[in-house]
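Asks: Structure provided below as structure tokens; questions to follow.
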Amino acid sequence: MSNIALNVKPSKLSINKPDDPFIVQRASKDDLPEILAIYNQSIAGKQATANLAPVTCEERMDWFEEHLNSATRPIYIVRADTNNSDDTGFKALSPIVAWGSFSDLYARTAYHISTEISIYLNKANHGQGLGSALTSWMLTQAPSLGIHNVVALIFAHNQPSLGLFRKLGFEQWGYMPKVCDMQGFIADVVMLGKAVASSTETTNTIMLVTAVPDTTTSATTILDTVTVAKAMSDTNGETI
């Protein structure tokens, strides 16, 4: 188990403005309400998740605690890197604006080198390049977590997310036709995968600068739908 896998010290996540960075770190026990608030925003659009109704903290407590207690399947949260403090010097935490997680691809032991990735963003933070930056940062963390392969499960009608992950080097590893009843249409699911280097130990502080997406895949559209392999999964490992 590497030190970096257990280190909760925030890392910088720079988007487009070096003087306006975000910080990313492992989630703590008090973060579940904000994490679920962001997740529940994604349900109505029927592009991000196969859940069709909002979920509660009670429903996801076991899932959350399982991630908190795992050194190799973390949940990461992103906050604006502010220096705001009150008169006593207490530094208030800024709200969570995004989160991502690594989850088991399959529960059986031999699958431990492979994982599913999930990314969610607050609607107010769409269009900033945050989804691309967080995904790229998480890929740099994967080797230190013992991960060799990262898998994304994406609805076939979610073309912006498919385009984003392909730009990050993911390739199609599978296709599942007509597997989700979205109450209004039947959805296909695409499996994208990427092998990541397993021999390089990543550093704790990583600066990421993302380019503005081209006109064929707008930043706003990407961040509306860049939810891959949903962490809010059922116990059978379904993740979108």
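Ordering of the structure tokens sets the chain letters (A, B, ...); residue numbers start at 1 within each chain; ligands are numbered from 1 in the order shown.
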List the spatial neighbours of Ala195 in chain A as a PyMOL selection string - criterion: any atom at most 9 Å away, only C-alpha atoms, same-chain residues fewer than 6 positions off excluded.
Replies: chain A and resi 114+147-151+170
Asks: Would you give me, as number ranges by chain, the residues in range 41-203 of chain A that DSSP reads as strand (DSSP E or B)?
Replies: A: 75-80, 85, 91, 96-104, 114-121, 149-155, 171-181, 186-195
Asks: Using N, CA and C atoms, can you export the residues from the last selection as a short mmCIF file (atom, residue, chain, number, x, y, z; two decimals), in the first residue's frame?
Replies:
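This is the output file result-v5.cif:
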```cif
data_model
loop_
_atom_site.label_atom_id
_atom_site.label_comp_id
_atom_site.auth_asym_id
_atom_site.auth_seq_id
_atom_site.Cartn_x
_atom_site.Cartn_y
_atom_site.Cartn_z
N ILE A 75 -12.88 8.05 -3.16
CA ILE A 75 -13.70 9.13 -3.71
C ILE A 75 -12.90 10.41 -3.55
N TYR A 76 -12.77 11.18 -4.61
CA TYR A 76 -12.08 12.46 -4.56
C TYR A 76 -13.10 13.58 -4.66
N ILE A 77 -12.89 14.65 -3.91
CA ILE A 77 -13.74 15.83 -4.00
C ILE A 77 -12.91 17.01 -4.47
N VAL A 78 -13.58 17.96 -5.11
CA VAL A 78 -12.92 19.16 -5.63
C VAL A 78 -13.60 20.39 -5.04
N ARG A 79 -12.79 21.31 -4.53
CA ARG A 79 -13.27 22.59 -4.02
C ARG A 79 -12.46 23.71 -4.66
N ALA A 80 -13.05 24.91 -4.71
CA ALA A 80 -12.28 26.08 -5.12
C ALA A 80 -11.20 26.33 -4.07
N SER A 85 -11.09 33.44 5.35
CA SER A 85 -11.08 33.10 6.77
C SER A 85 -11.80 34.18 7.55
N LYS A 91 -10.37 29.12 8.65
CA LYS A 91 -10.55 29.07 7.21
C LYS A 91 -11.76 28.22 6.86
N ILE A 96 -18.19 21.84 -2.25
CA ILE A 96 -17.70 20.86 -3.22
C ILE A 96 -18.32 21.19 -4.59
N VAL A 97 -17.47 21.28 -5.60
CA VAL A 97 -17.95 21.63 -6.94
C VAL A 97 -17.91 20.43 -7.89
N ALA A 98 -17.21 19.37 -7.51
CA ALA A 98 -17.12 18.17 -8.35
C ALA A 98 -16.60 17.03 -7.50
N TRP A 99 -16.84 15.83 -7.98
CA TRP A 99 -16.25 14.67 -7.31
C TRP A 99 -16.08 13.55 -8.33
N GLY A 100 -15.18 12.64 -7.99
CA GLY A 100 -14.94 11.48 -8.83
C GLY A 100 -14.55 10.30 -7.95
N SER A 101 -14.70 9.10 -8.50
CA SER A 101 -14.35 7.92 -7.72
C SER A 101 -13.84 6.82 -8.62
N PHE A 102 -13.07 5.91 -8.00
CA PHE A 102 -12.72 4.63 -8.59
C PHE A 102 -13.51 3.56 -7.85
N SER A 103 -14.14 2.68 -8.59
CA SER A 103 -14.93 1.60 -7.99
C SER A 103 -14.51 0.27 -8.60
N ASP A 104 -14.78 -0.82 -7.88
CA ASP A 104 -14.45 -2.13 -8.41
C ASP A 104 -15.15 -2.36 -9.75
N SER A 114 -8.22 -3.68 -12.13
CA SER A 114 -9.08 -2.91 -13.03
C SER A 114 -10.17 -2.20 -12.24
N THR A 115 -10.57 -1.03 -12.72
CA THR A 115 -11.52 -0.22 -11.97
C THR A 115 -12.42 0.57 -12.90
N GLU A 116 -13.55 1.00 -12.38
CA GLU A 116 -14.44 1.91 -13.10
C GLU A 116 -14.28 3.32 -12.55
N ILE A 117 -14.38 4.29 -13.42
CA ILE A 117 -14.20 5.69 -13.04
C ILE A 117 -15.52 6.43 -13.13
N SER A 118 -15.73 7.36 -12.21
CA SER A 118 -16.95 8.17 -12.17
C SER A 118 -16.57 9.63 -11.98
N ILE A 119 -17.27 10.52 -12.69
CA ILE A 119 -17.03 11.95 -12.57
C ILE A 119 -18.38 12.67 -12.53
N TYR A 120 -18.57 13.57 -11.56
CA TYR A 120 -19.78 14.39 -11.47
C TYR A 120 -19.40 15.83 -11.16
N LEU A 121 -20.14 16.77 -11.75
CA LEU A 121 -19.88 18.19 -11.52
C LEU A 121 -21.15 18.93 -11.14
N ASN A 149 -5.94 -0.82 -15.30
CA ASN A 149 -6.92 -0.54 -16.34
C ASN A 149 -8.06 0.29 -15.76
N VAL A 150 -8.45 1.33 -16.50
CA VAL A 150 -9.57 2.18 -16.09
C VAL A 150 -10.67 2.03 -17.13
N VAL A 151 -11.89 1.74 -16.67
CA VAL A 151 -13.02 1.49 -17.55
C VAL A 151 -14.08 2.55 -17.34
N ALA A 152 -14.67 3.00 -18.45
CA ALA A 152 -15.79 3.93 -18.41
C ALA A 152 -16.98 3.30 -19.11
N LEU A 153 -18.13 3.26 -18.44
CA LEU A 153 -19.37 2.80 -19.05
C LEU A 153 -20.23 4.02 -19.35
N ILE A 154 -20.56 4.22 -20.63
CA ILE A 154 -21.21 5.45 -21.07
C ILE A 154 -22.39 5.10 -21.98
N PHE A 155 -23.51 5.79 -21.80
CA PHE A 155 -24.63 5.60 -22.71
C PHE A 155 -24.20 5.92 -24.13
N GLU A 171 -10.32 3.59 -25.46
CA GLU A 171 -10.75 2.87 -26.65
C GLU A 171 -11.98 2.02 -26.33
N GLN A 172 -12.76 1.70 -27.34
CA GLN A 172 -13.95 0.88 -27.11
C GLN A 172 -13.55 -0.55 -26.82
N TRP A 173 -13.99 -1.06 -25.66
CA TRP A 173 -13.71 -2.43 -25.25
C TRP A 173 -14.97 -3.30 -25.28
N GLY A 174 -16.12 -2.69 -25.47
CA GLY A 174 -17.33 -3.49 -25.49
C GLY A 174 -18.55 -2.65 -25.83
N TYR A 175 -19.64 -3.32 -26.18
CA TYR A 175 -20.89 -2.64 -26.53
C TYR A 175 -22.05 -3.52 -26.08
N MET A 176 -22.97 -2.92 -25.32
CA MET A 176 -24.12 -3.65 -24.79
C MET A 176 -25.40 -3.01 -25.31
N PRO A 177 -26.05 -3.61 -26.30
CA PRO A 177 -27.24 -2.99 -26.89
C PRO A 177 -28.50 -3.21 -26.05
N LYS A 178 -29.30 -2.16 -25.96
CA LYS A 178 -30.64 -2.23 -25.37
C LYS A 178 -30.65 -2.83 -23.96
N VAL A 179 -29.78 -2.33 -23.10
CA VAL A 179 -29.67 -2.91 -21.75
C VAL A 179 -30.32 -2.06 -20.66
N CYS A 180 -30.73 -0.82 -20.98
CA CYS A 180 -31.30 0.05 -19.95
C CYS A 180 -32.65 0.61 -20.39
N ASP A 181 -33.66 0.40 -19.57
CA ASP A 181 -34.98 0.97 -19.80
C ASP A 181 -35.03 2.33 -19.10
N ILE A 186 -35.06 3.05 -24.79
CA ILE A 186 -34.14 1.99 -24.39
C ILE A 186 -32.73 2.41 -24.78
N ALA A 187 -31.79 2.31 -23.84
CA ALA A 187 -30.44 2.82 -24.07
C ALA A 187 -29.42 1.70 -24.23
N ASP A 188 -28.48 1.94 -25.14
CA ASP A 188 -27.30 1.09 -25.29
C ASP A 188 -26.19 1.64 -24.39
N VAL A 189 -25.26 0.77 -24.03
CA VAL A 189 -24.12 1.18 -23.20
C VAL A 189 -22.82 0.80 -23.89
N VAL A 190 -21.89 1.74 -23.91
CA VAL A 190 -20.57 1.52 -24.49
C VAL A 190 -19.55 1.38 -23.36
N MET A 191 -18.68 0.40 -23.46
CA MET A 191 -17.56 0.27 -22.52
C MET A 191 -16.30 0.81 -23.18
N LEU A 192 -15.72 1.83 -22.58
CA LEU A 192 -14.43 2.36 -23.01
C LEU A 192 -13.39 2.00 -21.97
N GLY A 193 -12.18 1.70 -22.40
CA GLY A 193 -11.12 1.33 -21.47
C GLY A 193 -9.80 1.96 -21.83
N LYS A 194 -8.94 2.07 -20.82
CA LYS A 194 -7.60 2.62 -21.02
C LYS A 194 -6.65 1.92 -20.06
N ALA A 195 -5.55 1.41 -20.57
CA ALA A 195 -4.50 0.87 -19.72
C ALA A 195 -3.62 2.02 -19.24
#
```
Asks: Can you work out which one of A:Cys57, A:Val24, A:Thr82, A:Arg108 has the shortest atom-to-atom distance to Thr135 in chain A, counting only C-alpha atoms?
Replies: A:Val24
Asks: Using DSSP assignments from the backbone, pull out every residue in range 104-215 of chain A that falls under alpha helix (DSSP H) and give it to me as a PyMOL selection string.
Replies: chain A and resi 130-141+159-167
Asks: What does the file look like for those residues with all heavy atoms, as a compact mmCIF listing (two decimals), in the first residue's frame?
Replies:
```txt
# COMPACT_ATOMS: atom_id res chain seq x y z
N LEU A 130 -13.47 21.60 -15.97
CA LEU A 130 -13.22 20.89 -14.72
C LEU A 130 -13.34 19.38 -14.88
O LEU A 130 -12.56 18.62 -14.30
CB LEU A 130 -14.18 21.41 -13.65
CG LEU A 130 -14.00 20.88 -12.23
CD1 LEU A 130 -12.60 21.11 -11.72
CD2 LEU A 130 -15.02 21.54 -11.30
N GLY A 131 -14.30 18.92 -15.67
CA GLY A 131 -14.48 17.48 -15.85
C GLY A 131 -13.28 16.83 -16.50
O GLY A 131 -12.81 15.78 -16.07
N SER A 132 -12.76 17.46 -17.54
CA SER A 132 -11.58 16.93 -18.22
C SER A 132 -10.37 16.94 -17.31
O SER A 132 -9.59 15.99 -17.28
CB SER A 132 -11.30 17.77 -19.48
OG SER A 132 -10.15 17.31 -20.15
N ALA A 133 -10.20 18.03 -16.55
CA ALA A 133 -9.05 18.14 -15.67
C ALA A 133 -9.09 17.10 -14.55
O ALA A 133 -8.07 16.48 -14.24
CB ALA A 133 -8.97 19.55 -15.07
N LEU A 134 -10.27 16.89 -13.95
CA LEU A 134 -10.38 15.93 -12.87
C LEU A 134 -10.15 14.51 -13.39
O LEU A 134 -9.45 13.71 -12.75
CB LEU A 134 -11.75 16.03 -12.20
CG LEU A 134 -12.02 15.03 -11.07
CD1 LEU A 134 -10.97 15.11 -9.97
CD2 LEU A 134 -13.43 15.24 -10.50
N THR A 135 -10.70 14.19 -14.55
CA THR A 135 -10.48 12.87 -15.13
C THR A 135 -9.01 12.63 -15.39
O THR A 135 -8.45 11.57 -15.04
CB THR A 135 -11.27 12.71 -16.44
OG1 THR A 135 -12.66 12.95 -16.18
CG2 THR A 135 -11.11 11.31 -17.01
N SER A 136 -8.34 13.60 -15.99
CA SER A 136 -6.91 13.46 -16.28
C SER A 136 -6.11 13.30 -14.99
O SER A 136 -5.19 12.48 -14.92
CB SER A 136 -6.42 14.69 -17.06
OG SER A 136 -7.06 14.80 -18.30
N TRP A 137 -6.45 14.06 -13.96
CA TRP A 137 -5.74 13.97 -12.68
C TRP A 137 -5.93 12.59 -12.06
O TRP A 137 -4.97 11.99 -11.56
CB TRP A 137 -6.24 15.05 -11.73
CG TRP A 137 -5.51 15.09 -10.42
CD1 TRP A 137 -4.37 15.78 -10.12
CD2 TRP A 137 -5.89 14.40 -9.22
NE1 TRP A 137 -4.02 15.55 -8.81
CE2 TRP A 137 -4.93 14.71 -8.24
CE3 TRP A 137 -6.94 13.55 -8.88
CZ2 TRP A 137 -4.99 14.21 -6.93
CZ3 TRP A 137 -7.02 13.04 -7.60
CH2 TRP A 137 -6.05 13.38 -6.64
N MET A 138 -7.14 12.08 -12.11
CA MET A 138 -7.39 10.76 -11.55
C MET A 138 -6.61 9.67 -12.27
O MET A 138 -6.14 8.71 -11.66
CB MET A 138 -8.89 10.45 -11.55
CG MET A 138 -9.67 11.26 -10.51
SD MET A 138 -11.47 10.97 -10.54
CE MET A 138 -11.54 9.23 -10.07
N LEU A 139 -6.43 9.82 -13.57
CA LEU A 139 -5.63 8.84 -14.31
C LEU A 139 -4.19 8.85 -13.83
O LEU A 139 -3.52 7.80 -13.83
CB LEU A 139 -5.70 9.14 -15.81
CG LEU A 139 -7.05 8.89 -16.49
CD1 LEU A 139 -7.00 9.32 -17.95
CD2 LEU A 139 -7.47 7.43 -16.38
N THR A 140 -3.67 10.01 -13.42
CA THR A 140 -2.31 10.05 -12.89
C THR A 140 -2.20 9.38 -11.53
O THR A 140 -1.12 8.94 -11.13
CB THR A 140 -1.78 11.49 -12.77
OG1 THR A 140 -2.49 12.20 -11.74
CG2 THR A 140 -1.92 12.25 -14.09
N GLN A 141 -3.31 9.32 -10.79
CA GLN A 141 -3.31 8.69 -9.47
C GLN A 141 -3.44 7.16 -9.55
O GLN A 141 -3.06 6.45 -8.63
CB GLN A 141 -4.47 9.23 -8.63
CG GLN A 141 -4.48 10.74 -8.45
CD GLN A 141 -3.19 11.26 -7.85
OE1 GLN A 141 -2.85 10.96 -6.70
NE2 GLN A 141 -2.46 12.05 -8.62
N GLN A 159 -22.92 11.20 -26.73
CA GLN A 159 -21.80 11.39 -27.63
C GLN A 159 -20.72 12.34 -27.09
O GLN A 159 -19.53 12.11 -27.30
CB GLN A 159 -22.30 11.87 -29.00
CG GLN A 159 -23.09 10.82 -29.76
CD GLN A 159 -22.24 9.61 -30.11
OE1 GLN A 159 -21.08 9.73 -30.49
NE2 GLN A 159 -22.83 8.42 -29.99
N PRO A 160 -21.06 13.42 -26.40
CA PRO A 160 -20.00 14.29 -25.88
C PRO A 160 -19.06 13.58 -24.91
O PRO A 160 -17.85 13.75 -24.97
CB PRO A 160 -20.78 15.42 -25.18
CG PRO A 160 -22.07 15.47 -25.91
CD PRO A 160 -22.40 14.03 -26.22
N SER A 161 -19.61 12.75 -24.02
CA SER A 161 -18.75 12.02 -23.09
C SER A 161 -17.90 10.99 -23.81
O SER A 161 -16.72 10.80 -23.49
CB SER A 161 -19.58 11.34 -22.00
OG SER A 161 -20.06 12.29 -21.08
N LEU A 162 -18.49 10.31 -24.79
CA LEU A 162 -17.70 9.36 -25.58
C LEU A 162 -16.54 10.07 -26.26
O LEU A 162 -15.41 9.57 -26.28
CB LEU A 162 -18.59 8.67 -26.62
CG LEU A 162 -19.66 7.72 -26.09
CD1 LEU A 162 -20.57 7.28 -27.24
CD2 LEU A 162 -19.04 6.51 -25.41
N GLY A 163 -16.80 11.25 -26.80
CA GLY A 163 -15.74 12.01 -27.45
C GLY A 163 -14.66 12.45 -26.49
O GLY A 163 -13.47 12.40 -26.80
N LEU A 164 -15.07 12.88 -25.29
CA LEU A 164 -14.09 13.34 -24.30
C LEU A 164 -13.15 12.21 -23.90
O LEU A 164 -11.92 12.38 -23.89
CB LEU A 164 -14.82 13.87 -23.07
CG LEU A 164 -13.92 14.20 -21.86
CD1 LEU A 164 -12.97 15.33 -22.21
CD2 LEU A 164 -14.75 14.56 -20.65
N PHE A 165 -13.71 11.06 -23.58
CA PHE A 165 -12.86 9.96 -23.12
C PHE A 165 -11.98 9.42 -24.24
O PHE A 165 -10.85 9.00 -23.99
CB PHE A 165 -13.71 8.88 -22.47
CG PHE A 165 -14.04 9.21 -21.04
CD1 PHE A 165 -15.15 9.99 -20.74
CD2 PHE A 165 -13.23 8.79 -20.02
CE1 PHE A 165 -15.43 10.34 -19.44
CE2 PHE A 165 -13.50 9.14 -18.71
CZ PHE A 165 -14.60 9.91 -18.41
N ARG A 166 -12.49 9.43 -25.45
CA ARG A 166 -11.63 9.02 -26.56
C ARG A 166 -10.47 9.98 -26.73
O ARG A 166 -9.35 9.58 -27.06
CB ARG A 166 -12.47 8.89 -27.83
CG ARG A 166 -13.32 7.61 -27.84
CD ARG A 166 -14.34 7.58 -28.95
NE ARG A 166 -15.03 6.29 -28.98
CZ ARG A 166 -16.28 6.11 -29.39
NH1 ARG A 166 -16.98 7.15 -29.82
NH2 ARG A 166 -16.82 4.91 -29.39
N LYS A 167 -10.70 11.26 -26.51
CA LYS A 167 -9.62 12.24 -26.59
C LYS A 167 -8.58 12.01 -25.50
O LYS A 167 -7.40 12.36 -25.66
CB LYS A 167 -10.17 13.66 -26.48
CG LYS A 167 -10.88 14.13 -27.73
CD LYS A 167 -11.35 15.57 -27.59
CE LYS A 167 -12.02 16.04 -28.86
NZ LYS A 167 -12.49 17.44 -28.77
```
